[in-house]
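So this block is protein10.txt, compact mmCIF, C-alpha atoms:
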# COMPACT_ATOMS: atom_id res chain seq x y z
CA MET V 1 90.24 -87.99 -40.13
CA THR V 2 91.44 -84.43 -40.82
CA ARG V 3 88.31 -82.91 -39.31
CA ASN V 4 88.60 -84.93 -36.11
CA PHE V 5 92.32 -84.14 -35.87
CA VAL V 6 91.67 -80.40 -36.16
CA ARG V 7 88.97 -80.60 -33.50
CA MET V 8 91.24 -82.46 -31.13
CA ILE V 9 94.04 -79.91 -31.59
CA ALA V 10 91.55 -77.11 -30.93
CA LEU V 11 90.26 -78.84 -27.82
CA MET V 12 93.77 -79.36 -26.47
CA SER V 13 94.73 -75.74 -27.04
CA ILE V 14 91.54 -74.00 -25.93
CA THR V 15 89.80 -76.08 -23.27
CA ALA V 16 91.01 -77.06 -19.86
CA LEU V 17 91.63 -80.74 -20.45
CA SER V 18 95.08 -81.06 -18.91
CA ILE V 19 97.09 -84.24 -18.67
CA GLN V 20 97.81 -83.25 -15.08
CA THR V 21 94.17 -83.82 -14.22
CA TYR V 22 94.34 -87.57 -14.65
CA ALA V 23 98.03 -88.39 -14.58
CA GLN V 24 100.88 -87.99 -12.15
CA THR V 25 101.99 -84.41 -11.70
CA ASN V 26 105.51 -83.08 -11.72
CA PRO V 27 105.84 -80.79 -8.66
CA GLY V 28 108.65 -78.87 -10.34
CA ARG V 29 106.63 -77.80 -13.38
CA ILE V 30 104.96 -74.46 -13.86
CA PRO V 31 101.16 -74.92 -13.53
CA SER V 32 99.14 -74.63 -16.76
CA PRO V 33 95.96 -72.56 -16.41
CA SER V 34 92.66 -73.97 -17.58
CA ILE V 35 89.70 -72.28 -19.31
CA PRO V 36 91.94 -70.10 -21.52
CA PHE V 37 88.90 -68.84 -23.45
CA LEU V 38 88.63 -66.27 -20.64
CA LYS V 39 91.62 -64.54 -22.25
CA VAL V 40 90.09 -64.36 -25.74
CA ALA V 41 88.89 -60.88 -26.72
CA PRO V 42 85.11 -61.12 -27.19
CA ASP V 43 84.63 -57.84 -29.11
CA ALA V 44 85.88 -56.96 -32.58
CA ARG V 45 87.13 -53.49 -31.64
CA ALA V 46 89.63 -54.61 -29.01
CA ALA V 47 90.64 -57.71 -30.98
CA ALA V 48 91.42 -55.61 -34.06
CA MET V 49 93.58 -53.31 -31.93
CA GLY V 50 95.69 -56.16 -30.53
CA ASP V 51 93.62 -56.84 -27.39
CA VAL V 52 93.83 -53.21 -26.25
CA GLY V 53 90.85 -52.36 -24.08
CA VAL V 54 91.91 -51.38 -20.57
CA ALA V 55 92.23 -47.64 -21.24
CA THR V 56 90.28 -47.06 -24.46
CA SER V 57 87.08 -45.02 -24.52
CA ALA V 58 84.23 -46.62 -22.58
CA ASP V 59 81.44 -48.74 -24.07
CA ALA V 60 79.56 -51.84 -22.90
CA ASN V 61 82.55 -54.07 -23.75
CA ALA V 62 84.44 -52.40 -20.91
CA LEU V 63 82.82 -55.03 -18.66
CA TYR V 64 85.36 -57.48 -20.04
CA TRP V 65 88.42 -55.24 -20.15
CA ASN V 66 88.06 -52.77 -17.29
CA PRO V 67 84.66 -52.17 -15.65
CA SER V 68 85.88 -49.00 -13.96
CA LYS V 69 85.71 -47.17 -17.32
CA LEU V 70 81.92 -47.36 -17.41
CA VAL V 71 81.33 -44.34 -15.17
CA PHE V 72 82.94 -42.23 -17.92
CA ALA V 73 80.72 -43.61 -20.68
CA GLU V 74 78.77 -40.95 -22.60
CA LYS V 75 75.48 -42.88 -22.55
CA ALA V 76 73.57 -43.73 -19.38
CA THR V 77 72.80 -47.22 -20.71
CA GLY V 78 74.61 -49.39 -23.20
CA VAL V 79 74.44 -52.90 -24.67
CA ALA V 80 76.93 -54.85 -26.78
CA VAL V 81 76.43 -58.14 -28.63
CA SER V 82 79.29 -60.03 -30.26
CA TYR V 83 79.56 -63.24 -32.27
CA THR V 84 82.92 -64.72 -33.24
CA PRO V 85 83.18 -67.79 -35.50
CA TRP V 86 86.18 -69.62 -34.09
CA LEU V 87 88.57 -71.36 -36.53
CA ARG V 88 85.87 -71.02 -39.17
CA GLN V 89 88.17 -72.01 -42.04
CA LEU V 90 88.85 -75.33 -40.30
CA VAL V 91 85.54 -76.26 -38.61
CA ASN V 92 82.04 -74.82 -38.80
CA ASP V 93 80.56 -75.28 -35.33
CA MET V 94 82.91 -73.47 -32.96
CA SER V 95 81.98 -69.94 -31.89
CA ILE V 96 82.10 -67.39 -29.08
CA TYR V 97 78.98 -65.45 -28.02
CA TYR V 98 79.21 -62.35 -25.84
CA LEU V 99 76.45 -60.18 -24.40
CA ALA V 100 77.17 -57.19 -22.16
CA GLY V 101 75.13 -54.32 -20.80
CA TYR V 102 75.40 -51.55 -18.21
CA HIS V 103 73.24 -48.86 -16.63
CA LYS V 104 74.20 -45.80 -14.60
CA ILE V 105 72.28 -45.96 -11.32
CA ALA V 106 73.69 -42.56 -10.32
CA LYS V 107 75.90 -39.90 -11.83
CA ASP V 108 79.02 -41.59 -10.45
CA GLN V 109 77.91 -45.27 -10.18
CA VAL V 110 77.30 -48.04 -12.71
CA LEU V 111 76.00 -51.62 -12.65
CA GLY V 112 76.76 -54.09 -15.41
CA LEU V 113 76.10 -57.68 -16.46
CA SER V 114 77.86 -59.82 -19.08
CA ILE V 115 77.58 -63.37 -20.44
CA ASN V 116 80.48 -65.03 -22.26
CA TYR V 117 79.73 -68.40 -23.91
CA PHE V 118 82.17 -70.55 -25.88
CA ASP V 119 80.71 -73.41 -27.95
CA MET V 120 83.47 -75.74 -29.13
CA GLY V 121 81.18 -78.03 -31.09
CA GLU V 122 81.04 -81.80 -31.31
CA PHE V 123 83.94 -84.18 -30.71
CA GLN V 124 84.36 -87.90 -31.12
CA ALA V 125 85.43 -89.99 -28.13
CA THR V 126 87.69 -93.01 -28.66
CA THR V 127 89.17 -95.70 -26.42
CA GLN V 128 92.87 -96.43 -25.98
CA ASN V 129 92.54 -98.90 -28.86
CA GLY V 130 91.13 -96.25 -31.17
CA GLN V 131 87.58 -97.57 -31.13
CA VAL V 132 84.77 -95.03 -31.39
CA ALA V 133 83.00 -94.64 -28.04
CA GLY V 134 80.47 -91.95 -28.93
CA ASN V 135 80.30 -88.19 -29.35
CA PHE V 136 80.37 -85.34 -26.85
CA TYR V 137 80.18 -81.56 -26.81
CA SER V 138 82.46 -78.95 -25.23
CA ARG V 139 81.14 -75.69 -23.80
CA ASP V 140 82.43 -72.96 -21.46
CA LEU V 141 80.32 -70.28 -19.78
CA ALA V 142 81.14 -67.19 -17.72
CA ILE V 143 78.52 -64.87 -16.18
CA SER V 144 79.75 -61.64 -14.59
CA GLY V 145 78.21 -58.87 -12.53
CA SER V 146 80.07 -55.56 -12.23
CA TYR V 147 79.97 -52.39 -10.18
CA ALA V 148 81.95 -49.19 -10.78
CA ARG V 149 82.05 -45.76 -9.19
CA LYS V 150 84.08 -42.57 -9.35
CA LEU V 151 86.71 -41.99 -6.68
CA SER V 152 87.30 -38.45 -7.88
CA ARG V 153 86.48 -36.30 -10.88
CA ASN V 154 89.05 -38.11 -13.01
CA MET V 155 89.51 -41.52 -11.38
CA SER V 156 87.25 -44.54 -10.95
CA LEU V 157 87.28 -48.03 -9.46
CA GLY V 158 85.47 -51.10 -10.79
CA ILE V 159 84.98 -54.66 -9.58
CA SER V 160 83.42 -57.75 -11.14
CA LEU V 161 82.30 -61.07 -9.70
CA ARG V 162 82.20 -64.00 -12.13
CA TYR V 163 80.67 -67.49 -12.12
CA ILE V 164 82.52 -69.90 -14.41
CA ASN V 165 81.27 -73.25 -15.68
CA SER V 166 83.58 -75.29 -17.90
CA ASN V 167 82.16 -78.46 -19.43
CA PRO V 168 84.73 -79.84 -21.90
CA ALA V 169 82.98 -83.18 -22.34
CA ALA V 170 79.19 -82.82 -22.06
CA GLY V 171 77.55 -86.16 -22.70
CA ALA V 172 80.84 -88.04 -22.95
CA PRO V 173 80.77 -91.72 -21.95
CA VAL V 174 83.07 -93.19 -19.30
CA ILE V 175 86.24 -94.06 -21.22
CA ASN V 176 89.05 -96.15 -19.76
CA GLY V 177 87.55 -95.67 -16.30
CA ILE V 178 87.58 -91.85 -16.53
CA ALA V 179 84.35 -89.85 -16.20
CA LEU V 180 84.77 -86.15 -16.94
CA LYS V 181 82.69 -83.70 -14.92
CA PRO V 182 82.05 -79.98 -15.40
CA GLY V 183 84.40 -77.67 -13.55
CA THR V 184 82.95 -74.66 -11.74
CA THR V 185 84.49 -71.82 -9.78
CA VAL V 186 84.05 -68.15 -8.89
CA ALA V 187 86.47 -65.38 -9.83
CA GLY V 188 86.73 -61.62 -9.60
CA ASP V 189 88.21 -58.59 -11.37
CA ILE V 190 89.37 -55.25 -10.05
CA GLY V 191 90.26 -52.28 -12.20
CA LEU V 192 91.29 -48.63 -12.01
CA TYR V 193 90.87 -45.93 -14.63
CA TYR V 194 92.10 -42.33 -14.84
CA GLN V 195 91.55 -39.79 -17.57
CA THR V 196 92.68 -36.20 -17.93
CA ASP V 197 90.18 -33.40 -18.36
CA ASN V 198 91.85 -30.91 -20.65
CA ARG V 199 88.84 -29.45 -22.43
CA ASP V 200 90.90 -26.66 -23.99
CA LYS V 201 93.33 -29.09 -25.64
CA LYS V 202 92.96 -31.36 -28.65
CA MET V 203 94.23 -34.46 -26.83
CA ASN V 204 93.38 -36.10 -23.52
CA TRP V 205 95.18 -38.97 -21.84
CA ALA V 206 93.70 -42.08 -20.26
CA TYR V 207 95.35 -44.70 -18.04
CA GLY V 208 93.96 -48.05 -16.95
CA ALA V 209 95.03 -51.06 -14.93
CA THR V 210 93.16 -54.25 -14.15
CA ILE V 211 93.64 -57.69 -12.63
CA SER V 212 91.15 -60.22 -13.95
CA ASN V 213 90.12 -63.76 -13.02
CA LEU V 214 91.30 -63.74 -9.44
CA GLY V 215 89.75 -66.85 -7.96
CA GLY V 216 89.74 -70.52 -7.19
CA GLN V 217 90.80 -73.57 -9.12
CA VAL V 218 88.65 -75.97 -11.14
CA SER V 219 88.50 -79.75 -11.14
CA TYR V 220 87.11 -82.01 -13.87
CA GLY V 221 86.53 -85.06 -11.73
CA GLY V 222 90.11 -85.98 -10.86
CA VAL V 223 92.11 -85.16 -7.76
CA GLN V 224 94.15 -82.51 -9.53
CA LYS V 225 92.82 -78.95 -9.62
CA ASN V 226 93.71 -76.45 -12.33
CA PHE V 227 94.34 -72.73 -12.07
CA ILE V 228 92.29 -70.25 -14.07
CA PRO V 229 94.09 -67.64 -16.23
CA THR V 230 94.66 -64.62 -13.99
CA ASN V 231 95.72 -61.59 -16.02
CA LEU V 232 97.38 -58.27 -15.19
CA ARG V 233 96.90 -55.60 -17.85

Produce structure tokens that represent the structure in this file.
Amino acid sequence: MTRNFVRMIALMSITALSIQTYAQTNPGRIPSPSIPFLKVAPDARAAAMGDVGVATSADANALYWNPSKLVFAEKATGVAVSYTPWLRQLVNDMSIYYLAGYHKIAKDQVLGLSINYFDMGEFQATTQNGQVAGNFYSRDLAISGSYARKLSRNMSLGISLRYINSNPAAGAPVINGIALKPGTTVAGDIGLYYQTDNRDKKMNWAYGATISNLGGQVSYGGVQKNFIPTNLR
């Protein structure tokens, strides 16, 4: 009972299953975004610093935070792999996997690719009467391609295009007449980065700004569509 309760709370807080999808909506309410895992820091460095990553020094994880930083990376090629056990002290089969890589195709241009996968484990489906109706799995996936280039010696611009697939109930049976379907959409990011070049001083300054997850809405089989979490950092 406790295990199933914890899983259900996690599903309600992390996935995009919104009551608005299958019930009447209140036109005066603020819309609730779906697929909030897109806002979860996938790398340990940025997470440990309080989700700071827009203007830190560049590495492969910049594909998530601000792709425009990559043209200032020291290495011509870089790869990052991250694994995050999610709520590990409560359940043992929820985790986030992140793979990112970039390559400089010219002195002032970079291409990058990243894959963000959230496995929320196994859940138990029940009817309105509380009867067990089978098990299902919840998974979210985001695949991004990025391009960045220098606008000047100290400033750069980066863009990303992202395919998103959210499947909160893979293999779930039809319950109470409701059949959940995967939600898919396309989104984009745009970022700017500027760093000073004071080689004779002990400290340089860096500034970054990015808007992420600009895109369409997702539907899980109902008539209601849900926003994705657009962020300004």

Suppose you want the space between CA of Ile35 in chain V and CA of Ser166 in chain V; what is it in Å? 7.0 Å

Selection: 8 Å around range 105-120 of chain V, only C-alpha atoms, excl. self and same-chain fewer than 6 positions, as number ranges by chain: V: 11, 37, 42, 63-64, 70-71, 93-99, 137-150

I'd like the interatomic distance between CA of Asp43 in chain V and CA of Thr196 in chain V, to a tenth of an Å.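 According to the coordinates, CA of Asp43 in chain V and CA of Thr196 in chain V are separated by 25.7 Å.
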
Please compute the CA of Ala41 in chain V-CA of Val54 in chain V distance, one decimal, in Å.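 One can read the CA of Ala41 in chain V to CA of Val54 in chain V distance as 11.7 Å.
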
Once N, CA, C and O atoms are restored for range 141-161 of chain V, what would the output be as a PDB file, in the frame of the given file?
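As a result, out_37.pdb now contains:
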ATOM      1  N   LEU V 141      81.229 -71.382 -20.055  1.00  0.00           N
ATOM      2  CA  LEU V 141      80.320 -70.280 -19.780  1.00  0.00           C
ATOM      3  C   LEU V 141      80.865 -69.435 -18.638  1.00  0.00           C
ATOM      4  O   LEU V 141      81.364 -69.961 -17.650  1.00  0.00           O
ATOM      5  N   ALA V 142      80.762 -68.119 -18.784  1.00  0.00           N
ATOM      6  CA  ALA V 142      81.140 -67.190 -17.720  1.00  0.00           C
ATOM      7  C   ALA V 142      80.076 -66.097 -17.625  1.00  0.00           C
ATOM      8  O   ALA V 142      79.759 -65.443 -18.623  1.00  0.00           O
ATOM      9  N   ILE V 143      79.516 -65.910 -16.431  1.00  0.00           N
ATOM     10  CA  ILE V 143      78.520 -64.870 -16.180  1.00  0.00           C
ATOM     11  C   ILE V 143      79.087 -63.916 -15.138  1.00  0.00           C
ATOM     12  O   ILE V 143      79.490 -64.345 -14.052  1.00  0.00           O
ATOM     13  N   SER V 144      79.100 -62.625 -15.460  1.00  0.00           N
ATOM     14  CA  SER V 144      79.750 -61.640 -14.590  1.00  0.00           C
ATOM     15  C   SER V 144      78.795 -60.515 -14.227  1.00  0.00           C
ATOM     16  O   SER V 144      78.012 -60.047 -15.063  1.00  0.00           O
ATOM     17  N   GLY V 145      78.881 -60.076 -12.987  1.00  0.00           N
ATOM     18  CA  GLY V 145      78.210 -58.870 -12.530  1.00  0.00           C
ATOM     19  C   GLY V 145      79.244 -57.848 -12.103  1.00  0.00           C
ATOM     20  O   GLY V 145      80.243 -58.204 -11.449  1.00  0.00           O
ATOM     21  N   SER V 146      79.044 -56.582 -12.466  1.00  0.00           N
ATOM     22  CA  SER V 146      80.070 -55.560 -12.230  1.00  0.00           C
ATOM     23  C   SER V 146      79.471 -54.322 -11.564  1.00  0.00           C
ATOM     24  O   SER V 146      78.285 -54.008 -11.723  1.00  0.00           O
ATOM     25  N   TYR V 147      80.336 -53.651 -10.821  1.00  0.00           N
ATOM     26  CA  TYR V 147      79.970 -52.390 -10.180  1.00  0.00           C
ATOM     27  C   TYR V 147      81.160 -51.439 -10.300  1.00  0.00           C
ATOM     28  O   TYR V 147      82.314 -51.832 -10.078  1.00  0.00           O
ATOM     29  N   ALA V 148      80.889 -50.193 -10.660  1.00  0.00           N
ATOM     30  CA  ALA V 148      81.950 -49.190 -10.780  1.00  0.00           C
ATOM     31  C   ALA V 148      81.456 -47.868 -10.227  1.00  0.00           C
ATOM     32  O   ALA V 148      80.263 -47.556 -10.289  1.00  0.00           O
ATOM     33  N   ARG V 149      82.386 -47.091  -9.693  1.00  0.00           N
ATOM     34  CA  ARG V 149      82.050 -45.760  -9.190  1.00  0.00           C
ATOM     35  C   ARG V 149      83.271 -44.847  -9.273  1.00  0.00           C
ATOM     36  O   ARG V 149      84.418 -45.302  -9.309  1.00  0.00           O
ATOM     37  N   LYS V 150      83.008 -43.551  -9.311  1.00  0.00           N
ATOM     38  CA  LYS V 150      84.080 -42.570  -9.350  1.00  0.00           C
ATOM     39  C   LYS V 150      84.683 -42.397  -7.959  1.00  0.00           C
ATOM     40  O   LYS V 150      83.962 -42.320  -6.966  1.00  0.00           O
ATOM     41  N   LEU V 151      86.004 -42.313  -7.911  1.00  0.00           N
ATOM     42  CA  LEU V 151      86.710 -41.990  -6.680  1.00  0.00           C
ATOM     43  C   LEU V 151      87.018 -40.497  -6.605  1.00  0.00           C
ATOM     44  O   LEU V 151      87.197 -39.953  -5.515  1.00  0.00           O
ATOM     45  N   SER V 152      87.090 -39.895  -7.777  1.00  0.00           N
ATOM     46  CA  SER V 152      87.300 -38.450  -7.880  1.00  0.00           C
ATOM     47  C   SER V 152      86.761 -38.021  -9.244  1.00  0.00           C
ATOM     48  O   SER V 152      86.165 -38.820  -9.964  1.00  0.00           O
ATOM     49  N   ARG V 153      86.987 -36.793  -9.593  1.00  0.00           N
ATOM     50  CA  ARG V 153      86.480 -36.300 -10.880  1.00  0.00           C
ATOM     51  C   ARG V 153      87.090 -37.055 -12.052  1.00  0.00           C
ATOM     52  O   ARG V 153      86.443 -37.229 -13.093  1.00  0.00           O
ATOM     53  N   ASN V 154      88.335 -37.504 -11.896  1.00  0.00           N
ATOM     54  CA  ASN V 154      89.050 -38.110 -13.010  1.00  0.00           C
ATOM     55  C   ASN V 154      89.395 -39.577 -12.816  1.00  0.00           C
ATOM     56  O   ASN V 154      89.952 -40.199 -13.721  1.00  0.00           O
ATOM     57  N   MET V 155      89.111 -40.137 -11.660  1.00  0.00           N
ATOM     58  CA  MET V 155      89.510 -41.520 -11.380  1.00  0.00           C
ATOM     59  C   MET V 155      88.313 -42.351 -10.945  1.00  0.00           C
ATOM     60  O   MET V 155      87.402 -41.840 -10.281  1.00  0.00           O
ATOM     61  N   SER V 156      88.340 -43.637 -11.317  1.00  0.00           N
ATOM     62  CA  SER V 156      87.250 -44.540 -10.950  1.00  0.00           C
ATOM     63  C   SER V 156      87.795 -45.910 -10.602  1.00  0.00           C
ATOM     64  O   SER V 156      88.905 -46.292 -10.982  1.00  0.00           O
ATOM     65  N   LEU V 157      86.968 -46.671  -9.879  1.00  0.00           N
ATOM     66  CA  LEU V 157      87.280 -48.030  -9.460  1.00  0.00           C
ATOM     67  C   LEU V 157      86.149 -48.949  -9.894  1.00  0.00           C
ATOM     68  O   LEU V 157      84.966 -48.583  -9.774  1.00  0.00           O
ATOM     69  N   GLY V 158      86.487 -50.137 -10.377  1.00  0.00           N
ATOM     70  CA  GLY V 158      85.470 -51.100 -10.790  1.00  0.00           C
ATOM     71  C   GLY V 158      85.817 -52.494 -10.331  1.00  0.00           C
ATOM     72  O   GLY V 158      86.995 -52.864 -10.271  1.00  0.00           O
ATOM     73  N   ILE V 159      84.790 -53.264  -9.983  1.00  0.00           N
ATOM     74  CA  ILE V 159      84.980 -54.660  -9.580  1.00  0.00           C
ATOM     75  C   ILE V 159      83.956 -55.522 -10.305  1.00  0.00           C
ATOM     76  O   ILE V 159      82.871 -55.063 -10.671  1.00  0.00           O
ATOM     77  N   SER V 160      84.320 -56.785 -10.514  1.00  0.00           N
ATOM     78  CA  SER V 160      83.420 -57.750 -11.140  1.00  0.00           C
ATOM     79  C   SER V 160      83.495 -59.057 -10.369  1.00  0.00           C
ATOM     80  O   SER V 160      84.565 -59.448  -9.889  1.00  0.00           O
ATOM     81  N   LEU V 161      82.377 -59.738 -10.283  1.00  0.00           N
ATOM     82  CA  LEU V 161      82.300 -61.070  -9.700  1.00  0.00           C
ATOM     83  C   LEU V 161      81.790 -62.010 -10.780  1.00  0.00           C
ATOM     84  O   LEU V 161      80.771 -61.724 -11.416  1.00  0.00           O
TER      85      LEU V 161
END
